[in-house]
Amino acid sequence: MTVRVGVVVFPGSNCDRDTLRGLELAGAEGVALWHEQGSLDGVAAVVLPGGFAYGDYLRAGVIARFSPVMRAVSAFAAEGGLVLGICNGFQVLAEAGLVPGALLRNRGLRFLGREVRIAAERVDTPFTSLVADGRPLRMPIAHGEGCYYADDTALDELERAGQVLFRYVHEDGVRAGAEGDPANPNGSARAIAGVLNARGNVAGLMPHPERAADAVLGSEDGLPILRSLVNAAARAAGEAPRQLVGSANRAPVAVGPG
Amino acid sequence: MSAHRFAVNVLPKDGILDPQGRAVEGSLGHLGVAGVSGVRVGRRVELTVEAGSEAEARAIVEQLAAELFSNPLIESFAIESMPAVGAGR
């Protein structure tokens with residue numbers, strides 16, 4: 001059986017279809033999970049996709065945090081289940097306290113939709129096991145509130161505990177600077193683009209791996225992240241990821257209703 | 001039970017960069033206004049709570065303010081009582 005990975009659909013999610021497609025390309029069966037459902041339909045991992053859940057009203061991610069599906073996601077994460085939040089999904093995880101820190105308005109105030117480069121700080125996690133060590137990954141960002149923030153004590157602790165998962169880097173892989181360095185587009189603290197929770201089973205990042213999961217999109221650098229997750233989910237579920245034929249895999253995506 | 005009206009004012013904590021406040025402050029020169037600084041931009045939530053007493057109602061507002069209206073990592077809040085519902089309307 002192909003491993004099943006869920007993608008939560010909040011009102012206002014807009015990357016759910018892309019993420020389902022990316023997961024299919026990574027060898028999983030993508031399962032759409034509606035925000036009002038209180039169960040995760042037995043999926044082996046969950047992705048919170050990008051978008052503007054509940055219109056981003058009040059603060060990005062906060063209203064989604066209290067939805068029925070997020071209660072199920074929190075319980076799943078507490079049992080060690082794999083959860084990945086992308087962009088708005090990262091904001092939801094941060095608001096829910098499932099990953100450390102907060103996402104502030106971009107320092108330059110503008111919504112940014114453009115390509116960036118990030119590098120994985122660790123390649124021994126369920127989210128990065130297939131990512132080449134240190135190689136800059138090219139993928140887009142599309143957000144208005146992506147400036148990662150935690151206080152200095154918390155940042156020191158994250159670094160010490162190995163919870164910094166991705167950082168913004170220059171084309172040559174050199175770590176981006178702080179405010180003012182265009183390679184760190186939103187002014188994130190210590191150029192942090194993605195973090196892990198302490199247990200290592202929940203991760204969030206602002207860039208969009210699912211928008212860089214197919215050569216036709218201009219980059220396939222996001223695919224190793226999705227494949228890492230699918231492989232880890234398959235191991236967790238005792239199932240195998242579907243046999244892949246590189247990026248030539250063009251199986252049509254079956255997307256459920258809603 | 002009685003109805004109690006509150007406002008919750010949420011602001012970025014001291015020391016947290018407030019790009020909106022900075023942008024507003026930066027625009028003041030265009031208005032020809034000088035001598036203004038320390039601009040912070042936040043949000044205000046007004047709500048009515050039915051409860052047995054003002055203290056009970058305030059406790060509910062405290063909880064909502066801490067869990068929903070503000071993110072304690074980056075924002076602080078202050079609660080103020082407002083005139084009773086219907087009064088003056």
# chains A, B, ... in the order shown; residues from 1 in each chain; ligands from 1
call {"tool": "interface_residues", "arguments": {"of": "chain B", "to": "chain A", "cutoff": "10 Å", "atoms": "only C-alpha atoms", "output": "number ranges by chain"}}
result
B: 15-20, 22-23, 43-45, 67-74
call {"tool": "select_by_dssp", "arguments": {"residues": "region 92-239 of chain A", "states": "strand (DSSP E or B)", "output": "VMD selection string"}}
result
chain A and resid 102 to 104 112 to 120 137 to 143 147 to 149 164 to 169 175 192 to 196 202 to 205 214 219
call {"tool": "residues_around", "arguments": {"residues": "Asp214 (chain A)", "least_positions_apart": "2", "cutoff": "12 Å", "atoms": "only C-alpha atoms", "output": "number ranges by chain"}}
result
A: 18-19, 21-26, 139, 209-212, 216-224, 226, 246-250
call {"tool": "write_last_selection", "arguments": {"atoms": "N, CA and C atoms", "output": "mmCIF file, in the first residue's frame"}}
result
data_model
loop_
_atom_site.group_PDB
_atom_site.id
_atom_site.type_symbol
_atom_site.label_atom_id
_atom_site.label_comp_id
_atom_site.auth_asym_id
_atom_site.auth_seq_id
_atom_site.Cartn_x
_atom_site.Cartn_y
_atom_site.Cartn_z
ATOM 1 N N ASP A 18 -1.272 22.093 -4.671
ATOM 2 C CA ASP A 18 0.141 21.976 -5.047
ATOM 3 C C ASP A 18 0.852 20.999 -4.118
ATOM 4 N N THR A 19 0.509 21.060 -2.833
ATOM 5 C CA THR A 19 1.180 20.209 -1.860
ATOM 6 C C THR A 19 0.772 18.748 -2.063
ATOM 7 N N ARG A 21 -0.076 17.468 -4.870
ATOM 8 C CA ARG A 21 0.641 17.074 -6.082
ATOM 9 C C ARG A 21 2.110 16.782 -5.765
ATOM 10 N N GLY A 22 2.736 17.656 -4.978
ATOM 11 C CA GLY A 22 4.138 17.458 -4.602
ATOM 12 C C GLY A 22 4.334 16.158 -3.852
ATOM 13 N N LEU A 23 3.403 15.841 -2.961
ATOM 14 C CA LEU A 23 3.501 14.599 -2.191
ATOM 15 C C LEU A 23 3.338 13.389 -3.107
ATOM 16 N N GLU A 24 2.456 13.510 -4.098
ATOM 17 C CA GLU A 24 2.302 12.421 -5.072
ATOM 18 C C GLU A 24 3.616 12.204 -5.819
ATOM 19 N N LEU A 25 4.244 13.326 -6.235
ATOM 20 C CA LEU A 25 5.524 13.223 -6.939
ATOM 21 C C LEU A 25 6.597 12.620 -6.043
ATOM 22 N N ALA A 26 6.434 12.807 -4.729
ATOM 23 C CA ALA A 26 7.406 12.284 -3.779
ATOM 24 C C ALA A 26 7.087 10.843 -3.378
ATOM 25 N N MET A 139 14.070 27.776 -4.111
ATOM 26 C CA MET A 139 12.602 27.644 -4.113
ATOM 27 C C MET A 139 11.971 28.986 -3.783
ATOM 28 N N PRO A 209 8.589 24.253 -0.677
ATOM 29 C CA PRO A 209 9.166 23.122 -1.416
ATOM 30 C C PRO A 209 8.207 22.560 -2.470
ATOM 31 N N GLU A 210 6.898 22.650 -2.213
ATOM 32 C CA GLU A 210 5.945 22.073 -3.183
ATOM 33 C C GLU A 210 5.883 22.907 -4.459
ATOM 34 N N ARG A 211 6.342 24.145 -4.394
ATOM 35 C CA ARG A 211 6.366 24.966 -5.610
ATOM 36 C C ARG A 211 7.693 24.806 -6.346
ATOM 37 N N ALA A 212 8.519 23.908 -5.839
ATOM 38 C CA ALA A 212 9.794 23.612 -6.493
ATOM 39 C C ALA A 212 9.954 22.097 -6.519
ATOM 40 N N VAL A 216 9.074 21.472 -14.354
ATOM 41 C CA VAL A 216 8.263 22.432 -15.094
ATOM 42 C C VAL A 216 8.046 23.715 -14.272
ATOM 43 N N LEU A 217 8.238 23.636 -12.968
ATOM 44 C CA LEU A 217 8.092 24.811 -12.099
ATOM 45 C C LEU A 217 9.392 25.604 -11.992
ATOM 46 N N GLY A 218 10.439 25.117 -12.647
ATOM 47 C CA GLY A 218 11.695 25.863 -12.652
ATOM 48 C C GLY A 218 12.707 25.361 -11.643
ATOM 49 N N SER A 219 12.285 24.514 -10.721
ATOM 50 C CA SER A 219 13.214 23.953 -9.741
ATOM 51 C C SER A 219 12.612 22.687 -9.154
ATOM 52 N N GLU A 220 13.475 21.724 -8.912
ATOM 53 C CA GLU A 220 13.046 20.496 -8.227
ATOM 54 C C GLU A 220 13.701 20.394 -6.854
ATOM 55 N N ASP A 221 14.245 21.523 -6.380
ATOM 56 C CA ASP A 221 15.001 21.480 -5.131
ATOM 57 C C ASP A 221 14.124 21.208 -3.913
ATOM 58 N N GLY A 222 12.812 21.392 -4.056
ATOM 59 C CA GLY A 222 11.929 21.130 -2.929
ATOM 60 C C GLY A 222 11.589 19.658 -2.779
ATOM 61 N N LEU A 223 11.779 18.929 -3.881
ATOM 62 C CA LEU A 223 11.367 17.524 -3.874
ATOM 63 C C LEU A 223 12.089 16.677 -2.819
ATOM 64 N N PRO A 224 13.412 16.862 -2.624
ATOM 65 C CA PRO A 224 14.071 16.050 -1.583
ATOM 66 C C PRO A 224 13.454 16.239 -0.197
ATOM 67 N N LEU A 226 10.200 16.893 0.401
ATOM 68 C CA LEU A 226 8.946 16.133 0.415
ATOM 69 C C LEU A 226 9.229 14.625 0.420
ATOM 70 N N GLY A 246 12.266 8.766 -11.050
ATOM 71 C CA GLY A 246 12.807 10.116 -11.092
ATOM 72 C C GLY A 246 11.714 11.149 -11.254
ATOM 73 N N SER A 247 12.036 12.235 -11.934
ATOM 74 C CA SER A 247 11.042 13.288 -12.103
ATOM 75 C C SER A 247 10.164 13.018 -13.308
ATOM 76 N N ALA A 248 10.409 11.867 -13.971
ATOM 77 C CA ALA A 248 9.573 11.534 -15.121
ATOM 78 C C ALA A 248 8.207 11.026 -14.670
ATOM 79 N N ASN A 249 8.054 10.922 -13.347
ATOM 80 C CA ASN A 249 6.788 10.438 -12.816
ATOM 81 C C ASN A 249 5.701 11.485 -13.053
ATOM 82 N N ARG A 250 4.755 11.160 -13.882
ATOM 83 C CA ARG A 250 3.725 12.142 -14.222
ATOM 84 C C ARG A 250 2.335 11.572 -13.984
#
call {"tool": "atom_distance", "arguments": {"atom1": "CA of Asp14 (chain B)", "atom2": "CA of Asp152 (chain A)"}}
result
14.5 Å
call {"tool": "residues_around", "arguments": {"residues": "Ser2 (chain B)", "least_positions_apart": "3", "cutoff": "8 Å", "atoms": "only C-alpha atoms", "output": "ChimeraX atom specification"}}
result
/B:50-53
call {"tool": "residues_around", "arguments": {"residues": "region 83-93 of chain A", "least_positions_apart": "4", "cutoff": "6 Å", "atoms": "only C-alpha atoms", "output": "list of chain:residue names"}}
result
A:Ala45, A:Val46, A:Val47, A:Leu48, A:Pro49, A:Gly50, A:Gly51, A:Gly61, A:Arg65, A:Leu98, A:Val99, A:Val202, A:Ala203, A:Gly204, A:Leu205, A:Met206
call {"tool": "residues_around", "arguments": {"residues": "Gly26 (chain B)", "least_positions_apart": "4", "cutoff": "12 Å", "atoms": "only C-alpha atoms", "output": "PyMOL selection string"}}
result
chain B and resi 19-22+30-40
call {"tool": "residues_around", "arguments": {"residues": "Gly173 (chain A)", "least_positions_apart": "2", "cutoff": "7 Å", "atoms": "only C-alpha atoms", "output": "MDAnalysis selection string"}}
result
chainID A and resid 135:136 169:171 175
call {"tool": "write_last_selection", "arguments": {"atoms": "C-alpha atoms", "output": "mmCIF file, in the first residue's frame"}}
result
data_model
loop_
_atom_site.group_PDB
_atom_site.id
_atom_site.type_symbol
_atom_site.label_atom_id
_atom_site.label_comp_id
_atom_site.auth_asym_id
_atom_site.auth_seq_id
_atom_site.Cartn_x
_atom_site.Cartn_y
_atom_site.Cartn_z
ATOM 1 C CA ARG A 135 23.720 22.428 -0.953
ATOM 2 C CA PRO A 136 21.713 25.633 -1.481
ATOM 3 C CA VAL A 169 21.803 31.511 2.162
ATOM 4 C CA HIS A 170 23.456 33.236 -0.789
ATOM 5 C CA GLU A 171 23.815 31.508 -4.142
ATOM 6 C CA ARG A 175 24.732 32.087 5.257
#
call {"tool": "select_by_dssp", "arguments": {"residues": "region 5-68 of chain B", "states": "helix (DSSP H, G or I)", "output": "PyMOL selection string"}}
result
chain B and resi 19-31+54-68
call {"tool": "closest_residue", "arguments": {"among": "A:Ile192, A:Ala233, A:Ala78, A:Ala215", "to": "Arg117 (chain A)", "atoms": "only C-alpha atoms"}}
result
A:Ile192
call {"tool": "decode", "arguments": {"residues": "region 138-154 of chain A", "atoms": "N, CA and C atoms", "output": "compact mmCIF listing (two decimals), in the first residue's frame"}}
result
# COMPACT_ATOMS: atom_id res chain seq x y z
N ARG A 138 16.96 25.98 -4.14
CA ARG A 138 16.31 27.13 -4.76
C ARG A 138 14.81 26.90 -4.76
N MET A 139 14.07 27.78 -4.11
CA MET A 139 12.60 27.64 -4.11
C MET A 139 11.97 28.99 -3.78
N PRO A 140 10.68 29.14 -4.08
CA PRO A 140 10.06 30.45 -3.88
C PRO A 140 9.58 30.68 -2.44
N ILE A 141 9.49 31.96 -2.10
CA ILE A 141 8.74 32.38 -0.93
C ILE A 141 7.54 33.19 -1.43
N ALA A 142 6.52 33.27 -0.62
CA ALA A 142 5.35 34.10 -0.93
C ALA A 142 4.66 34.40 0.38
N HIS A 143 5.12 35.46 1.05
CA HIS A 143 4.54 35.75 2.37
C HIS A 143 4.72 37.21 2.77
N GLY A 144 3.85 37.66 3.66
CA GLY A 144 3.95 39.00 4.22
C GLY A 144 4.46 38.98 5.64
N GLU A 145 4.29 37.83 6.31
CA GLU A 145 4.73 37.71 7.71
C GLU A 145 5.64 36.49 7.82
N GLY A 146 6.92 36.69 7.49
CA GLY A 146 7.83 35.55 7.51
C GLY A 146 9.11 35.81 8.25
N CYS A 147 9.12 36.92 8.99
CA CYS A 147 10.33 37.30 9.73
C CYS A 147 10.39 36.50 11.02
N TYR A 148 11.26 35.51 11.03
CA TYR A 148 11.32 34.62 12.20
C TYR A 148 11.84 35.38 13.42
N TYR A 149 11.14 35.19 14.52
CA TYR A 149 11.53 35.87 15.76
C TYR A 149 11.50 34.93 16.95
N ALA A 150 12.54 34.98 17.74
CA ALA A 150 12.54 34.44 19.11
C ALA A 150 13.56 35.30 19.84
N ASP A 151 13.47 35.38 21.17
CA ASP A 151 14.44 36.24 21.85
C ASP A 151 15.81 35.56 21.84
N ASP A 152 16.84 36.33 22.18
CA ASP A 152 18.21 35.83 22.01
C ASP A 152 18.47 34.57 22.81
N THR A 153 17.91 34.51 24.01
CA THR A 153 18.09 33.31 24.83
C THR A 153 17.50 32.10 24.13
N ALA A 154 16.29 32.29 23.60
CA ALA A 154 15.63 31.18 22.90
C ALA A 154 16.39 30.78 21.64
